[in-house]
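Peer 1: To be precise about what I am sending: the file is called upload-v6.txt and holds compact mmCIF, C-alpha atoms.
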# COMPACT_ATOMS: atom_id res chain seq x y z
CA MET A 1 11.88 19.37 2.89
CA LEU A 2 10.27 16.04 2.01
CA LEU A 3 7.79 15.61 -0.87
CA VAL A 4 5.07 12.98 -0.45
CA THR A 5 3.01 12.38 -3.55
CA GLY A 6 -0.36 10.88 -2.69
CA GLY A 7 0.14 12.42 0.74
CA ALA A 8 -3.58 12.88 1.32
CA GLY A 9 -4.27 9.24 0.54
CA PHE A 10 -4.29 6.22 2.81
CA ILE A 11 -0.64 5.28 3.36
CA GLY A 12 0.53 8.80 2.49
CA SER A 13 -1.53 10.54 5.16
CA ASN A 14 -0.41 7.99 7.75
CA LEU A 15 3.20 8.69 6.78
CA VAL A 16 2.58 12.44 7.20
CA ALA A 17 0.99 11.77 10.59
CA SER A 18 3.90 9.61 11.73
CA LEU A 19 6.44 12.23 10.66
CA ASN A 20 4.44 14.96 12.43
CA GLU A 21 4.37 12.86 15.59
CA ALA A 22 8.16 12.57 15.35
CA GLY A 23 8.41 16.36 15.18
CA ARG A 24 8.75 16.85 11.43
CA ALA A 25 6.48 19.28 9.56
CA ASP A 26 8.64 20.32 6.59
CA ILE A 27 6.53 18.13 4.33
CA ALA A 28 5.02 19.05 0.97
CA VAL A 29 2.01 17.01 -0.12
CA ASN A 30 1.17 16.48 -3.79
CA ASP A 31 -2.30 15.04 -4.34
CA ILE A 32 -5.83 15.47 -5.68
CA LEU A 33 -8.36 16.01 -2.88
CA GLY A 34 -11.49 15.55 -4.98
CA SER A 35 -14.93 15.58 -3.38
CA ASP A 36 -14.93 12.32 -1.41
CA GLY A 37 -13.71 13.75 1.88
CA LYS A 38 -10.06 12.82 1.40
CA TRP A 39 -9.08 16.20 2.84
CA ARG A 40 -10.05 14.86 6.27
CA ASN A 41 -7.01 12.58 6.16
CA LEU A 42 -4.85 15.70 6.56
CA ALA A 43 -7.20 17.84 8.66
CA GLY A 44 -5.22 17.31 11.85
CA ARG A 45 -1.78 17.42 10.24
CA HIS A 46 0.93 20.04 9.80
CA ILE A 47 2.45 20.41 6.35
CA ALA A 48 4.63 23.06 4.76
CA ASP A 49 2.99 23.09 1.33
CA PHE A 50 0.24 21.48 -0.73
CA VAL A 51 1.04 21.07 -4.42
CA ALA A 52 -1.71 20.41 -6.96
CA PRO A 53 -0.74 17.93 -9.72
CA GLY A 54 -0.80 20.63 -12.38
CA ASP A 55 1.71 22.71 -10.42
CA LEU A 56 4.15 19.94 -9.55
CA TRP A 57 6.85 20.47 -12.18
CA ARG A 58 6.90 24.24 -11.78
CA TRP A 59 7.13 23.75 -8.02
CA LEU A 60 10.00 21.25 -8.37
CA ASP A 61 12.01 23.66 -10.55
CA THR A 62 12.97 25.72 -7.51
CA ARG A 63 13.38 22.98 -4.92
CA LYS A 64 16.11 21.03 -3.23
CA LEU A 65 14.47 18.14 -1.40
CA ASP A 66 15.68 15.66 1.20
CA ALA A 67 13.69 12.90 -0.54
CA VAL A 68 10.68 12.13 -2.70
CA VAL A 69 8.26 9.49 -1.41
CA HIS A 70 6.11 8.68 -4.41
CA LEU A 71 2.87 7.09 -3.21
CA GLY A 72 0.49 8.80 -5.62
CA ALA A 73 -1.19 6.51 -8.15
CA ILE A 74 -4.44 5.36 -9.68
CA SER A 75 -4.66 2.45 -7.28
CA SER A 76 -7.99 0.81 -8.09
CA THR A 77 -7.53 -2.80 -9.18
CA THR A 78 -10.70 -2.43 -11.27
CA ALA A 79 -9.51 0.64 -13.20
CA GLN A 80 -10.17 0.32 -16.93
CA ASP A 81 -8.75 3.52 -18.49
CA GLY A 82 -5.42 2.21 -19.69
CA ASP A 83 -4.16 5.55 -20.96
CA ALA A 84 -4.86 7.32 -17.67
CA VAL A 85 -3.37 4.53 -15.56
CA ILE A 86 -0.16 4.20 -17.58
CA ALA A 87 0.28 7.99 -17.76
CA THR A 88 -0.05 8.32 -13.99
CA ASN A 89 1.48 5.12 -12.64
CA PHE A 90 4.24 4.72 -15.22
CA GLY A 91 4.89 7.98 -17.06
CA LEU A 92 4.69 10.29 -14.06
CA SER A 93 6.78 7.87 -12.00
CA LEU A 94 9.51 7.83 -14.64
CA ARG A 95 9.56 11.60 -14.82
CA LEU A 96 9.89 11.89 -11.05
CA PHE A 97 12.61 9.24 -11.07
CA ASP A 98 14.53 11.22 -13.70
CA TRP A 99 14.15 14.41 -11.68
CA CYS A 100 15.63 12.62 -8.68
CA VAL A 101 18.52 11.37 -10.82
CA GLU A 102 19.28 14.90 -12.01
CA THR A 103 18.98 16.52 -8.57
CA ARG A 104 20.61 13.67 -6.60
CA THR A 105 17.48 13.19 -4.49
CA PRO A 106 16.54 9.89 -2.78
CA PHE A 107 13.45 8.32 -4.37
CA LEU A 108 11.13 5.88 -2.60
CA TYR A 109 8.05 4.65 -4.43
CA ALA A 110 5.03 2.41 -3.95
CA SER A 111 4.94 -0.73 -6.02
CA SER A 112 2.36 -3.38 -5.18
CA ALA A 113 1.79 -7.04 -4.43
CA ALA A 114 -0.59 -6.87 -7.41
CA THR A 115 2.53 -7.24 -9.59
CA TYR A 116 2.66 -10.92 -8.55
CA GLY A 117 -0.58 -11.73 -10.35
CA ASP A 118 -2.23 -15.00 -9.32
CA GLY A 119 0.82 -16.04 -7.29
CA ARG A 120 1.71 -19.03 -9.44
CA HIS A 121 5.33 -17.84 -9.44
CA GLY A 122 5.24 -17.22 -5.70
CA TYR A 123 5.92 -13.97 -3.86
CA CYS A 124 9.70 -14.06 -3.91
CA ASP A 125 11.38 -10.69 -3.37
CA ASP A 126 14.04 -11.37 -6.02
CA TRP A 127 14.07 -8.16 -8.06
CA SER A 128 16.45 -9.21 -10.79
CA PRO A 129 15.14 -8.45 -14.31
CA GLU A 130 14.86 -12.17 -15.00
CA ALA A 131 12.74 -12.80 -11.88
CA LEU A 132 10.48 -9.82 -12.51
CA ARG A 133 9.85 -10.79 -16.13
CA ARG A 134 8.30 -14.07 -14.95
CA LEU A 135 5.50 -12.22 -13.15
CA LYS A 136 2.12 -11.85 -14.85
CA PRO A 137 -0.08 -9.19 -13.21
CA MET A 138 -3.80 -9.84 -13.53
CA ASN A 139 -5.10 -6.28 -13.74
CA LEU A 140 -4.21 -2.93 -15.25
CA TYR A 141 -3.09 -1.45 -11.93
CA GLY A 142 -0.72 -4.34 -11.21
CA TRP A 143 0.68 -4.22 -14.75
CA SER A 144 1.38 -0.47 -14.54
CA LYS A 145 3.31 -0.95 -11.30
CA HIS A 146 5.15 -3.94 -12.75
CA MET A 147 6.18 -1.95 -15.82
CA PHE A 148 7.74 0.71 -13.62
CA ASP A 149 9.59 -1.90 -11.53
CA LEU A 150 11.00 -3.35 -14.76
CA ALA A 151 12.04 0.09 -16.00
CA VAL A 152 13.92 0.80 -12.77
CA VAL A 153 15.72 -2.54 -12.53
CA GLY A 154 16.55 -2.27 -16.23
CA ARG A 155 18.42 0.93 -15.51
CA VAL A 156 20.18 -0.73 -12.60
CA ALA A 157 21.21 -3.66 -14.83
CA ARG A 158 22.51 -1.30 -17.52
CA LYS A 159 24.43 0.68 -14.91
CA GLU A 160 22.68 3.90 -15.84
CA LYS A 161 22.53 6.92 -13.54
CA LEU A 162 20.27 6.45 -10.55
CA PRO A 163 19.12 8.52 -7.58
CA PRO A 164 21.51 8.25 -4.60
CA GLN A 165 18.87 6.02 -3.02
CA TRP A 166 15.96 4.28 -4.72
CA ALA A 167 13.53 1.82 -3.19
CA GLY A 168 10.36 0.18 -4.48
CA LEU A 169 7.87 -1.02 -1.86
CA LYS A 170 5.55 -3.87 -2.79
CA PHE A 171 2.76 -3.29 -0.31
CA PHE A 172 0.57 -6.29 0.47
CA ASN A 173 -2.91 -6.00 2.09
CA VAL A 174 -2.53 -2.81 4.12
CA PHE A 175 -5.39 -1.76 6.41
CA GLY A 176 -5.95 0.96 8.97
CA ALA A 177 -7.11 4.51 9.60
CA ASN A 178 -7.73 6.99 6.75
CA GLU A 179 -8.73 4.42 4.14
CA TYR A 180 -12.38 5.51 4.12
CA HIS A 181 -12.25 7.47 0.86
CA LYS A 182 -11.28 4.33 -1.06
CA GLY A 183 -14.79 2.94 -1.48
CA GLU A 184 -14.72 -0.66 -2.68
CA MET A 185 -10.93 -0.65 -2.32
CA MET A 186 -11.18 -0.29 1.47
CA SER A 187 -10.19 -3.23 3.64
CA LEU A 188 -12.90 -5.72 4.59
CA ILE A 189 -12.74 -4.45 8.18
CA ALA A 190 -13.57 -0.90 7.16
CA LYS A 191 -16.36 -2.11 4.88
CA ARG A 192 -18.02 -4.43 7.39
CA PHE A 193 -17.41 -2.76 10.75
CA ASP A 194 -20.67 -0.77 10.89
CA ASP A 195 -22.75 -3.84 10.04
CA ALA A 196 -20.99 -5.94 12.65
CA LYS A 197 -21.39 -3.20 15.26
CA ALA A 198 -25.11 -3.01 14.43
CA GLY A 199 -25.54 -6.73 15.16
CA LYS A 200 -25.68 -7.94 11.58
CA SER A 201 -23.89 -10.96 10.21
CA ILE A 202 -20.95 -10.67 7.82
CA ARG A 203 -20.74 -12.43 4.48
CA LEU A 204 -17.58 -14.12 3.25
CA PHE A 205 -17.02 -16.09 0.08
CA LYS A 206 -17.31 -19.84 0.12
CA SER A 207 -14.28 -21.70 -1.11
CA HIS A 208 -14.48 -23.26 -4.55
CA ARG A 209 -11.15 -24.99 -4.28
CA THR A 210 -10.66 -28.49 -2.93
CA GLY A 211 -8.81 -28.60 0.38
CA ILE A 212 -9.56 -25.00 1.36
CA ALA A 213 -12.48 -24.42 3.73
CA ASP A 214 -14.98 -21.58 3.41
CA GLY A 215 -13.44 -18.34 4.67
CA GLU A 216 -9.94 -19.83 4.69
CA GLN A 217 -8.74 -17.86 1.68
CA LYS A 218 -5.63 -16.11 2.96
CA ARG A 219 -3.90 -12.77 2.56
CA ASP A 220 -0.86 -11.11 4.05
CA PHE A 221 -2.67 -8.43 6.07
CA ILE A 222 -0.37 -5.67 7.34
CA TYR A 223 -1.35 -2.80 9.63
CA VAL A 224 -0.68 0.61 8.14
CA ASP A 225 1.57 1.63 11.05
CA ASP A 226 3.92 -1.20 10.13
CA ALA A 227 3.93 -0.20 6.45
CA VAL A 228 4.77 3.38 7.43
CA ALA A 229 7.52 2.15 9.76
CA VAL A 230 9.25 0.47 6.79
CA VAL A 231 9.07 3.69 4.75
CA ARG A 232 10.52 5.74 7.59
CA TRP A 233 13.25 3.17 8.21
CA LEU A 234 14.36 3.46 4.59
CA LEU A 235 14.26 7.27 4.72
CA ASP A 236 16.67 7.08 7.64
CA ARG A 237 19.04 4.76 5.75
CA PRO A 238 19.93 6.42 2.44
CA SER A 239 22.55 3.80 1.63
CA ILE A 240 19.89 1.09 1.16
CA SER A 241 18.29 0.58 -2.27
CA GLY A 242 16.26 -2.17 -3.90
CA ILE A 243 12.73 -3.54 -4.20
CA PHE A 244 11.21 -4.82 -0.98
CA ASN A 245 8.04 -6.71 -0.12
CA VAL A 246 6.12 -4.91 2.64
CA GLY A 247 4.04 -7.56 4.35
CA THR A 248 4.19 -9.53 7.58
CA GLY A 249 5.35 -12.75 5.98
CA ALA A 250 2.44 -14.57 7.66
CA ALA A 251 -0.74 -15.18 5.68
CA ARG A 252 -3.98 -15.15 7.65
CA SER A 253 -7.50 -16.06 6.58
CA PHE A 254 -10.46 -13.78 6.02
CA ARG A 255 -12.18 -15.76 8.77
CA ASP A 256 -9.33 -14.82 11.14
CA LEU A 257 -9.73 -11.19 10.12
CA MET A 258 -13.46 -11.14 10.81
CA ASN A 259 -13.11 -13.11 14.05
CA ALA A 260 -10.59 -10.51 15.24
CA MET A 261 -13.02 -7.72 14.37
CA PHE A 262 -15.89 -9.36 16.25
CA ALA A 263 -13.61 -9.92 19.25
CA ALA A 264 -12.63 -6.25 19.24
CA ILE A 265 -16.31 -5.27 19.17
CA GLY A 266 -17.16 -7.76 21.91
CA ARG A 267 -19.51 -9.88 19.78
CA LYS A 268 -19.64 -13.57 19.03
CA PRO A 269 -18.67 -14.06 15.37
CA ALA A 270 -21.63 -14.10 12.99
CA ILE A 271 -20.40 -15.11 9.55
CA GLU A 272 -22.37 -16.37 6.56
CA TYR A 273 -20.69 -17.95 3.56
CA VAL A 274 -21.98 -17.15 0.08
CA ASP A 275 -21.06 -18.41 -3.35
CA MET A 276 -18.30 -16.54 -5.10
CA PRO A 277 -19.48 -14.97 -8.36
CA VAL A 278 -18.73 -17.27 -11.29
CA SER A 279 -17.11 -14.36 -13.13
CA ILE A 280 -14.20 -14.16 -10.66
CA ARG A 281 -13.75 -17.78 -9.61
CA ASP A 282 -11.02 -18.54 -12.13
CA SER A 283 -8.97 -15.46 -11.25
CA TYR A 284 -9.56 -15.26 -7.49
CA GLN A 285 -6.43 -15.38 -5.32
CA TYR A 286 -6.63 -17.94 -2.52
CA PHE A 287 -3.28 -17.09 -0.95
CA THR A 288 -0.78 -14.24 -0.73
CA GLN A 289 2.21 -14.09 1.58
CA ALA A 290 5.18 -11.76 1.34
CA GLU A 291 8.69 -13.12 1.37
CA THR A 292 10.56 -10.51 3.40
CA GLY A 293 14.13 -11.75 3.06
CA ASN A 294 15.34 -8.62 1.25
CA LEU A 295 14.01 -6.37 3.97
CA ARG A 296 15.48 -8.49 6.75
CA ARG A 297 18.86 -8.82 5.03
CA ALA A 298 18.93 -5.04 4.64
CA GLY A 299 18.73 -4.82 8.43
CA TYR A 300 15.06 -4.22 9.18
CA ASN A 301 14.46 -6.15 12.40
CA ALA A 302 11.23 -4.68 13.80
CA ASP A 303 8.34 -7.03 14.49
CA PHE A 304 5.08 -6.73 12.59
CA THR A 305 1.89 -6.28 14.58
CA VAL A 306 0.00 -9.55 15.07
CA LEU A 307 -3.34 -9.49 13.22
CA GLU A 308 -5.53 -9.64 16.32
CA GLU A 309 -3.67 -6.75 17.98
CA ALA A 310 -3.72 -4.69 14.79
CA VAL A 311 -7.46 -5.16 14.31
CA SER A 312 -8.14 -4.36 17.97
CA ARG A 313 -6.11 -1.16 17.68
CA TYR A 314 -7.91 -0.15 14.49
CA VAL A 315 -11.35 -0.77 16.00
CA THR A 316 -10.62 0.78 19.39
CA CYS A 317 -8.70 3.86 18.28
CA TYR A 318 -10.45 4.68 15.01
CA LEU A 319 -13.47 2.72 13.73
CA GLY A 320 -15.13 2.72 17.13
CA GLN A 321 -14.63 6.46 17.62
CA ALA A 322 -16.79 9.39 16.49
CA ASP A 323 -13.70 10.76 14.70
CA ARG A 324 -12.16 7.88 12.77
CA TYR A 325 -9.29 9.85 11.33
CA ARG A 326 -5.69 9.76 12.41
Could you render the structure from this file as structure tokens?
Peer 2:
Amino acid sequence: MLLVTGGAGFIGSNLVASLNEAGRADIAVNDILGSDGKWRNLAGRHIADFVAPGDLWRWLDTRKLDAVVHLGAISSTTAQDGDAVIATNFGLSLRLFDWCVETRTPFLYASSAATYGDGRHGYCDDWSPEALRRLKPMNLYGWSKHMFDLAVVGRVARKEKLPPQWAGLKFFNVFGANEYHKGEMMSLIAKRFDDAKAGKSIRLFKSHRTGIADGEQKRDFIYVDDAVAVVRWLLDRPSISGIFNVGTGAARSFRDLMNAMFAAIGRKPAIEYVDMPVSIRDSYQYFTQAETGNLRRAGYNADFTVLEEAVSRYVTCYLGQADRYR
């Protein structure tokens, strides 16, 4: 049996779907469903058990698992409750890590590109303690993920006991089906699709940096299917451990993203550029791009879906359908 924490969430539910499609249903999901419709992410799926957070440790007492994929977290980059975030994203992660050490269970977990902060130190996938300590996350979420990365690599450096496999996944800008419960944390495509379909124009931020045109702020956008493929590849290769960037390695602009969406809808692009709020201008990221050398050196050789194809697939198969869920 495989345990997926956060299995009703965005990446987690897509992982469950992918495993189901490959014929695997011995999956236990640990998550909070809440009242925002997140249950719909699993409505068409087959799982062996659903474990509420308060029951997790009692449930684990009697289990022998093939692996733990720890995707559950408070993932909002605007979260302000430091105690709740550190208890969930750091404390719970450490406890699960220790359980996997004791039971000799492979442990894969979600880190984040938010650990890189404003990018002034680049997006190098060097996970040595020295390299990680140079990073300065800009928000509470990124800091909580960074603290856990440091705790793990510290144990590696001290040659302490580890799970038989451990892997941290620094996800970049993932988009795709089942992200609808995330509110303001949804991708720009999910937020703007209905307006674009209705014939309205889309607003993007103007650039306030010399040499960068309006709408040319760039991110490493990765389709959720590709992110899930990396997770599954690691699950199938228990000898591989480390921290890996999960991005395409090719930054694309927000203008490219919106142009791809309009093309998928069959509309001429209609984009307006508006001033960026003064409150975020000094901290706004103009560029993110994953270095994927660690992943490639480990043997991952699959291609990542080109942005235009990924957006077309998202629009055609999900956003443009009455049932948008995978």
Peer 1: Just the number, please: distance in Å from CA of Ile11 in chain A to CA of Tyr109 in chain A, one decimal.
Peer 2: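 Taking CA of Ile11 in chain A and CA of Tyr109 in chain A, their separation equals 11.7 Å.
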Peer 1: Which of these residues is nearest to Asp195 in chain A, using only C-alpha atoms: A:Arg40, A:Arg267, A:Arg158, A:Arg252?
Peer 2: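 Of all the options, A:Arg267 lies closest to Asp195 in chain A.
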Peer 1: As an exercise, work out the distance from CA of Cys100 in chain A to CA of Pro137 in chain A in Å and give it to one decimal place.
Peer 2: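 Between these atoms lies a distance of 27.3 Å.
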Peer 1: Using only C-alpha atoms, find the one residue out of A:Gly176, A:Lys161, A:Ala52, A:Phe90 that sits nearest to Val228 in chain A.
Peer 2: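 Counting only C-alpha atoms, the residue closest to Val228 in chain A is A:Gly176.
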Peer 1: Identify which of the residues A:Tyr300, A:Phe254, A:Tyr273, A:Tyr223 lies closest to Ser201 in chain A, counting all atoms listed in the file when measuring atom-to-atom distances.
Peer 2: A:Tyr273
Peer 1: Using all atoms listed in the file, pick whichever of A:Phe205, A:Trp57, A:Trp99, A:Tyr141 has the shortest atom-to-atom distance to Glu272 in chain A.
Peer 2: A:Phe205
Peer 1: Provide the CA of Glu291 in chain A to CA of Val174 in chain A distance in Å, to one decimal place.
Peer 2: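 Rounded to one decimal, the two atoms are 15.5 Å apart.
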Peer 1: May I have the protein, DNA and RNA residues with any atom at most 9 Å from the point (9.0, -9.7, -11.6), counting all atoms listed in the file, written as number ranges by chain?
Peer 2: A: 115-116, 124-136, 146, 149-150
Peer 1: Quick one: everything within 12 Å of Ile222 in chain A, counting all atoms listed in the file, minus sequence neighbours fewer than 5 positions away in the same chain. Send it as a ChimeraX atom specification.
Peer 2: /A:11,170-176,187,227-230,245-252,257,288-290,303-311,314
Peer 1: Would you please work out which residue, of A:Glu160, A:Glu21, A:Asp31, A:Asp275, is nearest to Asp214 in chain A when using only C-alpha atoms?
Peer 2: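 Going through A:Glu160, A:Glu21, A:Asp31, A:Asp275 one by one, the smallest distance to Asp214 in chain A is for A:Asp275.
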Peer 1: What lies within 9 Å of Asn30 in chain A using all atoms listed in the file, ignoring chain neighbours under 4 positions off, as number ranges by chain?
Peer 2: A: 3-8, 49-53, 56, 72
Peer 1: Using all atoms listed in the file for the distances, tell me which of A:Asp323, A:Asp282, A:Glu102, A:Asp81 is nearest to Ser207 in chain A.
Peer 2: A:Asp282
Peer 1: At a cut-off of 12 Å, using all atoms listed in the file, what residues contact Ala177 in chain A? Leave out same-chain residues fewer than 3 positions from it and give the result as a short mmCIF file (atom, residue, chain, number, x, y, z; two decimals) with C-alpha atoms, in the coordinates of the input.
Peer 2:
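Heads up, here's the output in part.cif:
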data_model
loop_
_atom_site.label_atom_id
_atom_site.label_comp_id
_atom_site.auth_asym_id
_atom_site.auth_seq_id
_atom_site.Cartn_x
_atom_site.Cartn_y
_atom_site.Cartn_z
CA GLY A 9 -4.27 9.24 0.54
CA PHE A 10 -4.29 6.22 2.81
CA ILE A 11 -0.64 5.28 3.36
CA GLY A 12 0.53 8.80 2.49
CA SER A 13 -1.53 10.54 5.16
CA ASN A 14 -0.41 7.99 7.75
CA LEU A 15 3.20 8.69 6.78
CA ALA A 17 0.99 11.77 10.59
CA ARG A 40 -10.05 14.86 6.27
CA ASN A 41 -7.01 12.58 6.16
CA LEU A 42 -4.85 15.70 6.56
CA VAL A 174 -2.53 -2.81 4.12
CA TYR A 180 -12.38 5.51 4.12
CA HIS A 181 -12.25 7.47 0.86
CA LYS A 182 -11.28 4.33 -1.06
CA MET A 186 -11.18 -0.29 1.47
CA SER A 187 -10.19 -3.23 3.64
CA ILE A 189 -12.74 -4.45 8.18
CA ALA A 190 -13.57 -0.90 7.16
CA TYR A 223 -1.35 -2.80 9.63
CA VAL A 224 -0.68 0.61 8.14
CA ASP A 225 1.57 1.63 11.05
CA ALA A 310 -3.72 -4.69 14.79
CA VAL A 311 -7.46 -5.16 14.31
CA ARG A 313 -6.11 -1.16 17.68
CA TYR A 314 -7.91 -0.15 14.49
CA VAL A 315 -11.35 -0.77 16.00
CA THR A 316 -10.62 0.78 19.39
CA CYS A 317 -8.70 3.86 18.28
CA TYR A 318 -10.45 4.68 15.01
CA LEU A 319 -13.47 2.72 13.73
CA GLY A 320 -15.13 2.72 17.13
CA GLN A 321 -14.63 6.46 17.62
CA ASP A 323 -13.70 10.76 14.70
CA ARG A 324 -12.16 7.88 12.77
CA TYR A 325 -9.29 9.85 11.33
CA ARG A 326 -5.69 9.76 12.41
#
